[in-house]
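Q: There's a structure below that I have some questions on.
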There are 4 protein chains.
Amino acid sequence: MQPWRDEFSGAFHEHTIQSEALQGNALGDPAERPLWVYTPPGYEASEERYPTLYLIQGLTGSVDMWWNRKPFRPTVPELTDRLFAAEGCPPAIVVSVDAMTALGGSQYVNSPGTGRYQDYLCDEIVGFVDANYRTMAARENRGIMGKSSGGYGAMVVPMMRPDVFGGLATHAGDALFEVCYQPEFRETARALRDHYEGSYDRFWEDFRSRPAFSKKEDGVLLNSWCMAACYSANEDGSIDLPFEPGTGRLKPEVWERWLELDPVRMAPNKAEELRSMRAIYVDAGKSDEWYLDLGAEAFVAELDALGIEPYFELFEGTHMDIEYRYPIAMRYLAERLG
Amino acid sequence: MQPWRDEFSGAFHEHTIQSEALQGNALGDPAERPLWVYTPPGYEASEERYPTLYLIQGLTGSVDMWWNRKPFRPTVPELTDRLFAAEGCPPAIVVSVDAMTALGGSQYVNSPGTGRYQDYLCDEIVGFVDANYRTMAARENRGIMGKSSGGYGAMVVPMMRPDVFGGLATHAGDALFEVCYQPEFRETARALRDHYEGSYDRFWEDFRSRPAFSKKEDGVLLNSWCMAACYSANEDGSIDLPFEPGTGRLKPEVWERWLELDPVRMAPNKAEELRSMRAIYVDAGKSDEWYLDLGAEAFVAELDALGIEPYFELFEGTHMDIEYRYPIAMRYLAERLG
Amino acid sequence: MQPWRDEFSGAFHEHTIQSEALQGNALGDPAERPLWVYTPPGYEASEERYPTLYLIQGLTGSVDMWWNRKPFRPTVPELTDRLFAAEGCPPAIVVSVDAMTALGGSQYVNSPGTGRYQDYLCDEIVGFVDANYRTMAARENRGIMGKSSGGYGAMVVPMMRPDVFGGLATHAGDALFEVCYQPEFRETARALRDHYEGSYDRFWEDFRSRPAFSKKEDGVLLNSWCMAACYSANEDGSIDLPFEPGTGRLKPEVWERWLELDPVRMAPNKAEELRSMRAIYVDAGKSDEWYLDLGAEAFVAELDALGIEPYFELFEGTHMDIEYRYPIAMRYLAERLG
Amino acid sequence: MQPWRDEFSGAFHEHTIQSEALQGNALGDPAERPLWVYTPPGYEASEERYPTLYLIQGLTGSVDMWWNRKPFRPTVPELTDRLFAAEGCPPAIVVSVDAMTALGGSQYVNSPGTGRYQDYLCDEIVGFVDANYRTMAARENRGIMGKSSGGYGAMVVPMMRPDVFGGLATHAGDALFEVCYQPEFRETARALRDHYEGSYDRFWEDFRSRPAFSKKEDGVLLNSWCMAACYSANEDGSIDLPFEPGTGRLKPEVWERWLELDPVRMAPNKAEELRSMRAIYVDAGKSDEWYLDLGAEAFVAELDALGIEPYFELFEGTHMDIEYRYPIAMRYLAERLG
């Protein structure tokens, strides 16, 4: 039992980023954001350049939460530092990016419903890090990784911006949208009917008036709306739901827009981009509450069809409390991107 | 507290039907079936003719199960007899039909995967009842009703065979297939992966070797397969699943065949048939585990678009233990079909 | 798939019993009760005498419910008949007794809160059966068996009336009361507070005004009260709860009265009675919702301390849908009590 | 949406305490502990003395975890600072104490099974704070508060050490032990049987070899053992469980030792101590998973019997995510202890 945080062997550096890409975003969220950069043991004393791993949060996650502690467990910064402090793992810089929004997240895409978070990440953050740290400033030496919506970002950002990233790791990343998202639409529709007279405006008004997530339907309501803001917003910032709010009935034309952003559907159209990756790591828990294990299998099946062999593992576990998987992926990337 | 079954005021008559339609069905299920006919109080002494209500079972239900008793509750035969024994409800004959199959049911459609259960019901059973009881032998005087898959049958049979039925009542009937069925595909896929090496053959072998439903995944596995046997079987009796068993990924071309049999999608194409109904009753519990309340709302929305105003009620309750709703629908039909 | 009930090889005989013991019972329940007696294949043609197995129901069970059918499963009468129709099982008469009350059951004890159900069973029913059937009319040839509260009865009745029964079988019988009952008291207390202003009168009024068990708290409320009626009623018929209804706080002096009727506490005081049994069968599911597997282990530990070795098995399963265990126990008793 | 931690108006000061009381504790846990002290806005510039509120953690909580952030919610330090930064709340110093152990906690009592955590808190920590901060260094001006096991500590420490504390606030504090603890014993017994061959040694070995709480039974196993270490350890540090590990059967003589430390049983014996409190605050969620709402009611009933009228509220909510209640209690104490 250790009642203290670890003393770190490496170092965490906190920065503030002024984003141009996020200026005037539809949600009125700040364009100024926090950024954490971890430099591994030995960085200060050396003159070498390092590969860089971009660690992105899941839905409702902000950079601050990486420091959260669970009982008898190391925090993510502690896991990171222990990995790079131990023998045998090649060093890397780890960058933690804030892409939180008033709706819970951005999915790391550009959307008129949330903001240009992909540009912010790929152009502004990467540029800042390369300018201020001794990185190996090439796609071949940059990896991106995350869990859940962070895993989603880790899959799609390299497919859309292969000029920036040459490796990826997804832990239970959102994929196979009819499996991971669609089953919640009926819960959302019922919750709107039973508690909000069918109106999302009423939901948001209520949600913001009390402790967040103090009603059990909050999660699905937020999730359905936030994903629509990321996947099916219109140029004017208005948001199309992929289902009729009164019944949950699918709207095929909106749903089609979502599917275009499903990693499983994107992959066959991004064959060259995916083949150019130096490292692809995929895992998920076999009891994942959103069945992202099936999404992982479907994504891997598409990779397989392209002749790509990723690291792939289904482990015993759910979607929760699986932060101990991060060091496995970090090491996998660090070994291949240096 | 009454430790006895009710003494009935009316009478239940048990018959055996030799079906031609079910001869040689794909599952090898018997062509000989039980049939129960209830005649209301006064039937024996009168010479009048009566309207007829066909009461059909839900998935995994056989006629025998109508007699099941739950604690402190009347059975369905008791509910039926009490309704017609009391003052004020017009008399009707109630017919209970067996359409059970080795897969759990037939959905009351003709399918090469299960058998010609719709023909059996509409031609053979109705013919038998009209020949042997003093019925008002016209579509205007026949109603059909049921719960769950029985409610599904009650919706689609009159749309497909308006020459036979002129009224219908659905309690939590299967409808809006992406809402009621599709969310289970992921559970099915995972269960196949985790317990049956991806093989439905192994599931059925296991299922039939032990007490049925003694494993918690039995329900979704049976349900997905049985519905495919009803909705997407091929002429040779082989069955196409609407999803990839390994991942749960939707197969759009098979799924489209299912949707053609979704009451919500059928309704707009059956405008005249539905307008010709003398009575339409729709209800569901607001906490239905399969979200059939949303299906009910979607079906009613289609009726509304056709200018049809059914009886419609969402009640507090789930999918379970709602047999006390039957007399409400029976009375509704009896009052309108006589 | 068999859409019919089995044709029986043996025969079920329905009787009506006029009980003196139940006359004027506190609940005003009928003194006239149904009784079913099963005679095995060959009974009619033979002149032999048979051992007798008394099959008693669990809480909220009436004899009628033995005939309930679950999908793809034989009913209990079918299981019984198949057992005795098959080669190799010695024949026995099986008697099914009604001991239902307005509170859900009697626990097969005499209580001023419910009635003299133990006398009714041991003196009246047994007397009737011995008088009307070719039984081997001795304790050595009578067994008693049941599940849940029926298993409880099967444990305690032979301890209290060893003159009547010489064998017993308990499936998941109520035992180790602090484990099986006490955890529900807090649920009961909260339900009373939240829905009934702390009043059991209000609960019963509400419960009887609507479909039984349509509210999720009904089960614990009924259970706590019914057990108190059986275990801690006063001579005037009033009922003492073993906890304060406002908080669930245990009342030790009432609880002590319950514990006196706990089979685990009774056993050490009934050493001779238990040693005189010719057959003791104990089982339970390892995932029993009321943890009656622990009760079974505790009861068996007491038997062990007395030098008695019962049949004992913990099987994979819950408290539900375990009627397939009955034939195992029936056979065990039939083989030892003939 | 604010992607940053608050800028604080007051200040948090981190200290390290060298405890003598914890030297040589049975678990080998460190005697050196972290301590956080919050000084409210204006503290630096003033020369006034302030009342002090001791904020203690629940089971498995360490001081570090106060900084955990949940989505769209302020952290506890932020809640604290916002309270004292706003108009109208009298200022107070808030002290956050570490009493974590290798078993998950200490219950803030002295026990040979864990250590002398009550002495450490009441003598060492309080002494340190009074020596280093401008406190009003009297019992009348010290309050103690916490949630869950922290609420337990907030109830019992002032009863045992009224010389130190003159006010208390308990959020869902452990109380009415047969209601909050006993129902878990059966779960513990079953988990030991099914996964650890009945051995707590095997559990701890396994628990420490993998990510903590990655098995669903971890919680009850840890809880039962840790409470026994706090309530029924022997002088030699050995621990007596209050139940038989094989069956969950209560051991009355050990259980009695637990009950002596139940706040509900302690209260009548601590009448003067309780009457001397200047502020008592009690709340709990009506759906608390451990039924600590019933414990709160039982504790308040005992206070009522002593003629003491606390602040008392049952709110809509569970045991989880109720950190927004802390400022309500802090204010209540700050207003009465200054």
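We label chains A, B, ... in the order they appear in the structure tokens, count residues from 1 in each chain, and number ligands from 1 in the order shown.
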Taking the DSSP assignment computed from this structure's backbone, write out as a ChimeraX atom specification all residues of range 38-100 of chain C that belong to alpha helix (DSSP H).
A: /C:76-85
Q: Need the shell around range 146-163 of chain B: protein/DNA/RNA residues with any atom at most 7 Å away, counting only C-alpha atoms. Skip same-chain ones fewer than 2 positions apart. Format as a VMD selection string?
A: chain B and resid 55 to 59 107 to 108 139 144 165 to 166 168 to 175 263 270 273 to 274
Q: For the residues selected in the previous step, produce a file with C-alpha atoms as a tab-separated table (two decimals), in the first residue's frame.
A:
chain	number	residue	atom	x	y	z
B	55	LEU	CA	-56.18	-16.30	-30.15
B	56	ILE	CA	-52.62	-17.07	-31.19
B	57	GLN	CA	-49.58	-17.76	-29.05
B	58	GLY	CA	-46.27	-15.96	-28.80
B	59	LEU	CA	-42.87	-17.43	-29.57
B	107	GLN	CA	-44.80	-16.13	-37.01
B	108	TYR	CA	-48.02	-17.24	-38.72
B	139	ARG	CA	-64.36	-11.88	-42.53
B	144	ILE	CA	-57.38	-12.35	-34.59
B	165	PHE	CA	-60.07	-11.49	-40.91
B	166	GLY	CA	-61.87	-8.21	-40.35
B	168	LEU	CA	-57.24	-7.53	-35.05
B	169	ALA	CA	-55.71	-6.92	-31.66
B	170	THR	CA	-51.98	-6.85	-30.95
B	171	HIS	CA	-50.45	-6.83	-27.48
B	172	ALA	CA	-46.78	-5.90	-27.76
B	173	GLY	CA	-46.56	-7.38	-31.24
B	174	ASP	CA	-43.23	-7.67	-33.01
B	175	ALA	CA	-42.80	-4.54	-35.12
B	263	PRO	CA	-45.74	-4.66	-40.02
B	270	LYS	CA	-51.80	-2.51	-47.37
B	273	GLU	CA	-56.76	-4.00	-46.37
B	274	LEU	CA	-56.22	-2.04	-43.18
Q: I need the residues of range 55-273 of chain A that end up classed as strand (DSSP E or B) by DSSP on the backbone, written out as a list in words.
A: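 Going through range 55-273 of chain A, the strand (DSSP E or B) residues come out as Leu55, Ile56, Ile93, Val94, Val95, Ser96, Val97, Asn110, Ser111, Gly115, Arg116, Thr135, Arg142, Gly143, Ile144, Met145, Gly146, Lys147, Gly167, Leu168, Ala169, Thr170, His171, Ala233, Ile239, Phe243 and Leu250 of chain A.
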Q: State, in Å with one decimal place, the distance from CA of Ala137 in chain C to CA of Leu53 in chain C.
A: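 Value for the CA of Ala137 in chain C-CA of Leu53 in chain C distance: 11.6 Å.
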Q: Which residues are near His319 in chain A? Cut-off 7 Å, only C-alpha atoms, ignore same chain within fewer than 4 positions. Put them as a VMD selection string.
A: chain A and resid 285 288 to 289
Q: Skipping near chain neighbours, those fewer than 5 positions away, what residues fall within 10 Å of Tyr117 in chain B using only C-alpha atoms, listed as a ChimeraX atom specification?
A: /B:19,21-22,25,98-101,105-111,122-124
Q: Those residues with C-alpha atoms, as an mmCIF file, in the first residue's frame please?
A:
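After the write, result_21.cif holds the following:
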data_model
loop_
_atom_site.group_PDB
_atom_site.id
_atom_site.type_symbol
_atom_site.label_atom_id
_atom_site.label_comp_id
_atom_site.auth_asym_id
_atom_site.auth_seq_id
_atom_site.Cartn_x
_atom_site.Cartn_y
_atom_site.Cartn_z
ATOM 1 C CA SER B 19 -53.402 -30.338 -41.631
ATOM 2 C CA ALA B 21 -50.698 -27.460 -45.375
ATOM 3 C CA LEU B 22 -48.232 -28.674 -42.765
ATOM 4 C CA ASN B 25 -42.837 -29.216 -43.573
ATOM 5 C CA ASP B 98 -51.279 -24.352 -32.249
ATOM 6 C CA ALA B 99 -48.494 -23.081 -34.509
ATOM 7 C CA MET B 100 -45.481 -24.221 -32.523
ATOM 8 C CA THR B 101 -42.434 -25.498 -34.372
ATOM 9 C CA GLY B 105 -42.766 -20.785 -33.687
ATOM 10 C CA SER B 106 -43.910 -19.847 -37.146
ATOM 11 C CA GLN B 107 -44.803 -16.134 -37.007
ATOM 12 C CA TYR B 108 -48.022 -17.240 -38.719
ATOM 13 C CA VAL B 109 -46.514 -16.822 -42.168
ATOM 14 C CA ASN B 110 -45.807 -19.360 -44.898
ATOM 15 C CA SER B 111 -42.104 -20.032 -45.029
ATOM 16 C CA CYS B 122 -56.513 -19.176 -42.580
ATOM 17 C CA ASP B 123 -57.790 -22.048 -44.668
ATOM 18 C CA GLU B 124 -57.776 -25.167 -42.577
#
Q: Taking only C-alpha atoms into account, which residues of chain D are within 6 Å of chain A, as a list of chain:residue names?
A: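 Putting it all together, I get D:Met1, D:Thr60, D:Met65, D:Asn68, D:Arg69, D:Pro71, D:Ala102.
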Q: What does the distance from CA of Glu260 in chain B to CA of Gly127 in chain B come to in Å, to one decimal?
A: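 About the pair CA of Glu260 in chain B and CA of Gly127 in chain B: they are 28.3 Å apart.
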Q: Between D:Phe8, D:Phe185, D:Trp36, D:Tyr200, which has the minimum distance to Ser224 in chain D (counting only C-alpha atoms)?
A: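 Comparing D:Phe8, D:Phe185, D:Trp36, D:Tyr200 against Ser224 in chain D, the winner is D:Phe185.
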